[in-house]
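**Q** Structure supplied as final-v9.txt; contents: compact mmCIF, C-alpha atoms.
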```txt
# COMPACT_ATOMS: atom_id res chain seq x y z
CA MET A 1 6.56 -101.40 -42.43
CA ILE A 2 3.86 -101.87 -45.04
CA LEU A 3 6.12 -101.09 -48.03
CA ASP A 4 8.65 -103.73 -46.98
CA ASN A 5 6.01 -106.36 -46.28
CA HIS A 6 4.23 -105.87 -49.59
CA PHE A 7 7.51 -105.98 -51.49
CA LEU A 8 8.50 -109.23 -49.76
CA GLN A 9 5.14 -110.72 -50.74
CA ARG A 10 5.72 -109.73 -54.37
CA LYS A 11 9.27 -111.05 -54.26
CA ASP A 12 8.04 -114.37 -52.85
CA ASP A 13 5.59 -114.63 -55.76
CA VAL A 14 8.35 -113.92 -58.26
CA ASP A 15 10.68 -116.42 -56.60
CA ALA A 16 7.93 -119.07 -56.74
CA HIS A 17 7.47 -118.36 -60.44
CA PHE A 18 11.21 -118.72 -61.02
CA ARG A 19 11.30 -122.09 -59.25
CA CYS A 20 8.70 -123.31 -61.74
CA LEU A 21 10.56 -121.68 -64.61
CA GLU A 22 13.87 -123.27 -63.62
CA PHE A 23 12.27 -126.71 -63.53
CA ILE A 24 10.44 -126.31 -66.85
CA SER A 25 13.50 -124.81 -68.53
CA GLY A 26 15.63 -127.71 -67.34
CA VAL A 27 13.49 -130.35 -69.02
CA GLU A 28 15.23 -131.76 -72.11
CA SER A 29 12.22 -131.32 -74.36
CA HIS A 30 13.94 -132.77 -77.42
CA LYS A 31 14.00 -136.18 -75.74
CA GLN A 32 10.19 -136.20 -75.69
CA LYS A 33 10.02 -137.86 -72.29
CA PRO A 34 7.10 -136.86 -70.05
CA VAL A 35 7.18 -135.32 -66.61
CA VAL A 36 5.14 -137.70 -64.43
CA ASP A 37 3.05 -136.79 -61.37
CA SER A 38 4.04 -139.41 -58.78
CA ASN A 39 0.63 -139.20 -57.08
CA SER A 40 -1.76 -139.46 -60.00
CA GLY A 41 0.48 -140.91 -62.66
CA ARG A 42 -0.56 -138.14 -65.07
CA GLU A 43 2.01 -137.18 -67.68
CA LEU A 44 2.99 -133.85 -69.17
CA PHE A 45 5.16 -133.58 -72.25
CA VAL A 46 7.10 -130.32 -71.96
CA ASP A 47 7.96 -128.99 -75.39
CA LEU A 48 10.02 -126.03 -76.55
CA GLN A 49 6.97 -123.86 -77.14
CA MET A 50 5.84 -124.33 -73.53
CA GLN A 51 9.29 -123.41 -72.27
CA CYS A 52 9.42 -120.28 -74.42
CA CYS A 53 5.89 -119.22 -73.44
CA MET A 54 6.76 -119.42 -69.76
CA LYS A 55 9.93 -117.38 -70.28
CA GLY A 56 7.85 -114.74 -72.06
CA GLN A 57 5.36 -114.69 -69.19
CA THR A 58 8.27 -114.15 -66.80
CA LEU A 59 8.89 -110.69 -68.24
CA VAL A 60 5.29 -109.71 -67.42
CA VAL A 61 5.68 -111.08 -63.89
CA LEU A 62 8.83 -109.00 -63.37
CA TYR A 63 7.27 -105.85 -64.79
CA ASN A 64 4.26 -106.22 -62.52
CA MET A 65 6.57 -106.21 -59.50
CA VAL A 66 8.29 -103.06 -60.75
CA GLU A 67 5.15 -101.04 -61.46
CA SER A 68 3.25 -102.11 -58.36
CA THR A 69 6.20 -101.28 -56.09
CA VAL A 70 6.79 -97.86 -57.63
CA CYS A 71 3.09 -96.94 -57.51
CA GLU A 72 2.81 -98.04 -53.90
CA CYS A 73 5.81 -95.91 -52.92
CA LEU A 74 4.33 -92.81 -54.54
CA ASN A 75 0.95 -93.46 -52.93
CA TYR A 76 2.71 -93.86 -49.58
CA ILE A 77 4.03 -90.32 -49.95
CA TYR A 78 0.57 -89.04 -50.88
CA ASP A 79 -1.06 -90.83 -47.94
CA ASN A 80 1.35 -89.20 -45.51
CA VAL A 81 0.65 -85.76 -46.96
CA ALA A 82 -3.05 -86.38 -46.33
CA ASP A 83 -2.42 -87.79 -42.83
CA ASP A 84 -0.49 -84.63 -41.93
CA GLU A 85 -3.47 -82.57 -43.14
CA LEU A 86 -1.20 -80.20 -45.03
CA THR A 87 -2.43 -77.31 -47.08
CA TYR A 88 -1.10 -76.43 -50.51
CA ALA A 89 0.81 -73.54 -48.90
CA GLU A 90 2.70 -76.00 -46.68
CA LEU A 91 3.96 -78.18 -49.53
CA THR A 92 7.31 -77.93 -51.27
CA ASP A 93 7.30 -76.52 -54.79
CA GLU A 94 7.76 -80.02 -56.23
CA MET A 95 4.81 -81.44 -54.33
CA ARG A 96 2.65 -78.46 -55.28
CA ARG A 97 3.33 -79.21 -58.93
CA MET A 98 2.60 -82.88 -58.42
CA TRP A 99 -0.72 -82.21 -56.69
CA THR A 100 -1.77 -79.78 -59.42
CA GLN A 101 -0.82 -82.37 -62.04
CA SER A 102 -2.74 -85.05 -60.17
CA CYS A 103 -5.84 -82.84 -60.08
CA LYS A 104 -5.58 -82.21 -63.80
CA ARG A 105 -5.28 -85.93 -64.52
CA LYS A 106 -8.49 -86.53 -62.57
CA LYS A 107 -10.11 -83.43 -64.13
CA GLN A 108 -10.63 -81.91 -60.70
CA PRO A 109 -11.45 -78.18 -60.67
CA GLU A 110 -8.61 -77.48 -58.21
CA GLY A 111 -6.15 -78.16 -60.99
CA SER A 112 -7.11 -75.03 -62.86
CA LEU A 113 -7.14 -72.65 -59.89
CA ASP A 114 -4.56 -69.87 -59.59
CA GLU A 115 -1.83 -70.15 -56.97
CA ALA A 116 -3.46 -67.78 -54.47
CA SER A 117 -6.72 -69.73 -54.53
CA LYS A 118 -4.93 -73.03 -53.91
CA MET A 119 -2.91 -71.88 -50.90
CA PRO A 120 -5.49 -72.63 -48.13
CA LEU A 121 -6.73 -75.93 -49.63
CA LYS A 122 -6.08 -79.20 -47.79
CA VAL A 123 -4.19 -81.52 -50.10
CA VAL A 124 -5.46 -85.01 -50.89
CA PHE A 125 -4.11 -86.86 -53.92
CA GLN A 126 -6.91 -88.63 -55.78
CA ALA A 127 -4.57 -90.12 -58.40
CA LEU A 128 -0.91 -90.53 -59.22
CA ALA A 129 0.59 -87.32 -60.53
CA ILE A 130 2.37 -89.19 -63.33
CA ASN A 131 1.33 -91.82 -65.83
CA THR A 132 2.99 -95.10 -64.92
CA SER A 133 1.03 -97.66 -66.96
CA GLY A 134 3.49 -99.72 -68.97
CA SER A 135 6.15 -97.02 -68.86
CA ILE A 136 8.31 -97.79 -65.83
CA ASP A 137 12.00 -98.38 -66.40
CA ILE A 138 14.88 -97.14 -64.27
CA ARG A 139 15.01 -93.78 -66.06
CA LYS A 140 11.31 -93.21 -65.38
CA ILE A 141 11.75 -94.16 -61.72
CA TYR A 142 14.49 -91.59 -61.20
CA GLU A 143 12.53 -88.97 -63.10
CA ALA A 144 9.27 -89.59 -61.22
CA PHE A 145 10.79 -89.43 -57.76
CA GLU A 146 12.90 -86.40 -58.62
CA LYS A 147 9.73 -84.59 -59.66
CA HIS A 148 8.37 -85.23 -56.17
CA GLY A 149 11.53 -83.81 -54.60
CA CYS A 150 12.69 -87.29 -53.56
CA SER A 151 16.14 -88.05 -54.97
CA ILE A 152 17.37 -91.63 -55.38
CA ALA A 153 21.12 -92.27 -55.16
CA GLU A 154 22.64 -92.61 -58.64
CA ASP A 155 25.37 -95.15 -57.85
CA LYS A 156 23.40 -98.26 -58.96
CA ARG A 157 21.68 -96.77 -62.00
CA GLU A 158 24.19 -98.05 -64.56
CA ASP A 159 24.34 -101.50 -62.96
CA TYR A 160 20.63 -102.25 -63.22
CA GLY A 161 19.33 -100.02 -66.01
CA ASP A 162 19.48 -102.56 -68.84
CA SER A 163 17.36 -105.11 -66.98
CA PHE A 164 14.61 -102.60 -66.24
CA LEU A 165 14.58 -101.36 -69.84
CA THR A 166 14.38 -104.88 -71.28
CA VAL A 167 11.55 -105.89 -68.96
CA LYS A 168 9.54 -102.76 -69.72
CA SER A 169 10.06 -102.92 -73.48
CA LYS A 170 9.27 -106.62 -73.80
CA ARG A 171 6.25 -106.38 -71.52
CA ASN A 172 4.84 -103.64 -73.74
CA ARG A 173 5.43 -105.63 -76.91
CA LEU A 174 3.60 -108.57 -75.35
CA ALA A 175 0.76 -106.40 -74.05
CA HIS A 176 0.23 -104.77 -77.45
CA GLY A 177 0.45 -108.02 -79.39
CA ASN A 178 3.66 -107.14 -81.22
CA GLU A 179 5.20 -110.44 -80.13
CA SER A 180 3.74 -113.74 -79.00
CA PHE A 181 4.88 -115.16 -75.67
CA SER A 182 6.74 -117.99 -77.40
CA GLN A 183 8.51 -115.59 -79.79
CA CYS A 184 9.54 -113.32 -76.94
CA GLY A 185 10.68 -116.12 -74.65
CA SER A 186 12.76 -117.78 -77.35
CA ASN A 187 15.27 -114.92 -77.09
CA TYR A 188 16.26 -115.67 -73.50
CA LEU A 189 17.97 -118.36 -71.48
CA TYR A 190 16.93 -118.98 -67.90
CA LYS A 191 20.11 -117.32 -66.68
CA ASP A 192 19.27 -114.12 -68.62
CA LEU A 193 15.90 -113.83 -66.91
CA ASP A 194 17.37 -114.68 -63.53
CA LYS A 195 19.88 -111.84 -63.96
CA MET A 196 16.94 -109.46 -64.56
CA ARG A 197 15.23 -110.79 -61.44
CA GLN A 198 18.35 -110.26 -59.35
CA ASP A 199 18.85 -106.71 -60.65
CA ILE A 200 15.23 -105.70 -60.10
CA THR A 201 14.96 -107.21 -56.63
CA ALA A 202 18.24 -105.51 -55.67
CA PHE A 203 17.18 -102.04 -56.84
CA LEU A 204 13.56 -101.83 -55.70
CA PRO A 205 14.50 -101.98 -51.98
CA ILE A 206 16.63 -98.88 -52.62
CA VAL A 207 13.51 -97.12 -53.93
CA ILE A 208 11.57 -98.25 -50.86
CA GLU A 209 14.23 -97.10 -48.40
CA THR A 210 14.51 -93.75 -50.16
CA THR A 211 10.73 -93.32 -49.94
CA LYS A 212 10.66 -94.18 -46.24
CA LYS A 213 13.44 -91.71 -45.43
CA PHE A 214 11.70 -89.02 -47.47
CA VAL A 215 8.48 -89.53 -45.52
CA GLU A 216 10.21 -89.81 -42.15
CA GLY A 217 11.94 -86.50 -42.80
CA ARG A 218 8.69 -85.01 -44.14
CA GLY A 219 10.51 -84.09 -47.32
CA TYR A 220 7.21 -83.05 -48.89
CA LYS A 221 6.69 -80.22 -46.36
CA ARG A 222 7.96 -76.72 -46.95
CA THR A 223 10.52 -75.59 -44.38
```
Take the structure in this file and express it as structure tokens.

**A**
Amino acid sequence: MILDNHFLQRKDDVDAHFRCLEFISGVESHKQKPVVDSNSGRELFVDLQMQCCMKGQTLVVLYNMVESTVCECLNYIYDNVADDELTYAELTDEMRRMWTQSCKRKKQPEGSLDEASKMPLKVVFQALAINTSGSIDIRKIYEAFEKHGCSIAEDKREDYGDSFLTVKSKRNRLAHGNESFSQCGSNYLYKDLDKMRQDITAFLPIVIETTKKFVEGRGYKRT
């Protein structure tokens, strides 16, 4: 399944980053002893600023996994609507609203048509129906999928919500220049970031499985 494979690739990238982070974070920088490459003999003095910068970068790495996974899941739904060659009349009310919203975001003329005129049109999503850029936390995930008529089980929301919110908020502060990477990273220990990684990589497969079941059951099609 393409969603699972792509997620595993992203998770492997994140895990590779964390192996580097764990090593760098474990260097006792105050001792001012270099890390030496055994092949070339080259030395690297790891200082506190380098450690903090890498921890700050970790929040961006985690956010990228969140946003890319969520966007791919929504696009997977849209692709299956197109593959089924459904008309507007055949969509659920939620998916009708999402397609209309998608058309308006792309400034397509179909977005301004009345309901009767849209009924016979074949539906192809040219863009996401919602704005996801820099705004994805666990609340936004639940909200976005609910708007598509795809409900995610609520039982893990409280467990993982704080990690998603922290990653989103800090990523945005870094992206907008409100904090430097070293300033941001100085607030976290390795174990704090690893907890965020564990929470995010535990919850995103739930989103993927929910998406797959929604598509398998053709939850976007009016019954």

**Q** What's the separation between CA of Ile208 (chain A) and CA of Cys103 (chain A), in Å to one decimal place?

**A**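 Distance reported for this atom pair: 25.0 Å.
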
**Q** Taking only C-alpha atoms into account, name the residue in A:Leu48, A:Thr69, A:Leu193, A:Phe125 that is nearest to Asp83 (chain A).

**A**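 For Asp83 (chain A), the nearest of the candidates is A:Phe125.
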
**Q** I'd like to know which of A:Phe164, A:Phe23, A:Phe145, A:Tyr78 is closest to Phe203 (chain A), using only C-alpha atoms.

**A**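 Of the candidates, the smallest distance to Phe203 (chain A) is held by A:Phe164.
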
**Q** For Ile136 (chain A), which of A:Glu115, A:Glu67, A:Asp159, A:Asp47 is the closest residue, counting all atoms listed in the file?

**A**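 Using all atoms listed in the file, Ile136 (chain A) sits closest to A:Glu67.
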
**Q** Restricting the calculation to all atoms listed in the file: of A:Ser25, A:Ser40, A:Asn131, A:Thr92, which residue gets closest to Cys52 (chain A)?

**A**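 Result for the nearest residue to Cys52 (chain A): A:Ser25.
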
**Q** Can you tell me, as a PyMOL selection string, what residues are no more than 9 Å from region 160-163 of chain A when counting all atoms listed in the file, ignoring any on the same chain fewer than 5 positions away?

**A** chain A and resi 137-139+168+193+195-197+199-200+202-203

**Q** Would you output that residue set with C-alpha atoms, as a short mmCIF file (atom, residue, chain, number, x, y, z; two decimals), in the coordinates of the input?

**A**
```cif
data_model
loop_
_atom_site.label_atom_id
_atom_site.label_comp_id
_atom_site.auth_asym_id
_atom_site.auth_seq_id
_atom_site.Cartn_x
_atom_site.Cartn_y
_atom_site.Cartn_z
CA ASP A 137 12.00 -98.38 -66.40
CA ILE A 138 14.88 -97.14 -64.27
CA ARG A 139 15.01 -93.78 -66.06
CA LYS A 168 9.54 -102.76 -69.72
CA LEU A 193 15.90 -113.83 -66.91
CA LYS A 195 19.88 -111.84 -63.96
CA MET A 196 16.94 -109.46 -64.56
CA ARG A 197 15.23 -110.79 -61.44
CA ASP A 199 18.85 -106.71 -60.65
CA ILE A 200 15.23 -105.70 -60.10
CA ALA A 202 18.24 -105.51 -55.67
CA PHE A 203 17.18 -102.04 -56.84
#
```

**Q** Which one is closest to Lys221 (chain A): A:His6, A:Lys107, A:His17, A:His148? Count only C-alpha atoms.

**A**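 Ranked by minimum distance to Lys221 (chain A), first place goes to A:His148.
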
**Q** Hey, what's within 10 Å of Glu85 (chain A) if we count all atoms listed in the file and toss same-chain stuff fewer than 2 positions away? As a list of chain:residue names, please?

**A**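 Close residues of Glu85 (chain A): A:Asp79, A:Asn80, A:Val81, A:Ala82, A:Asp83, A:Thr87, A:Tyr88, A:Glu90, A:Leu121, A:Lys122, A:Val123, A:Val124.
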
**Q** Env of region 179-190 of chain A: 8 Å cut, atoms = only C-alpha atoms, seq-sep filter 6 positions within chain, self excluded. Answer as an NGL selection string.

**A** :A and (21-22 or 25 or 49-57 or 170 or 173)

**Q** Hey, can you pull every residue with an atom no more than 12 Å from (0.3, -81.9, -63.2), using all atoms listed in the file, and send it as a ChimeraX atom specification?

**A** /A:94-108,110-112,125,127-131,144,147-148

**Q** Using only C-alpha atoms, which of the listed residues (A:Val61, A:Leu165, A:Thr132, A:Gly41) sits closest to Ala16 (chain A)?

**A**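 Distance minimum relative to Ala16 (chain A) lands on A:Val61.
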
**Q** What does the structure give for the distance between CA of Pro109 (chain A) and CA of Asn75 (chain A), in Å to one decimal?

**A**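 The value is 21.1 Å.
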
**Q** Enter the distance from CA of Gly149 (chain A) to CA of Arg171 (chain A), in Å, rounded to one decimal.

**A**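 If I compute the distance from CA of Gly149 (chain A) to CA of Arg171 (chain A), I get 28.7 Å.
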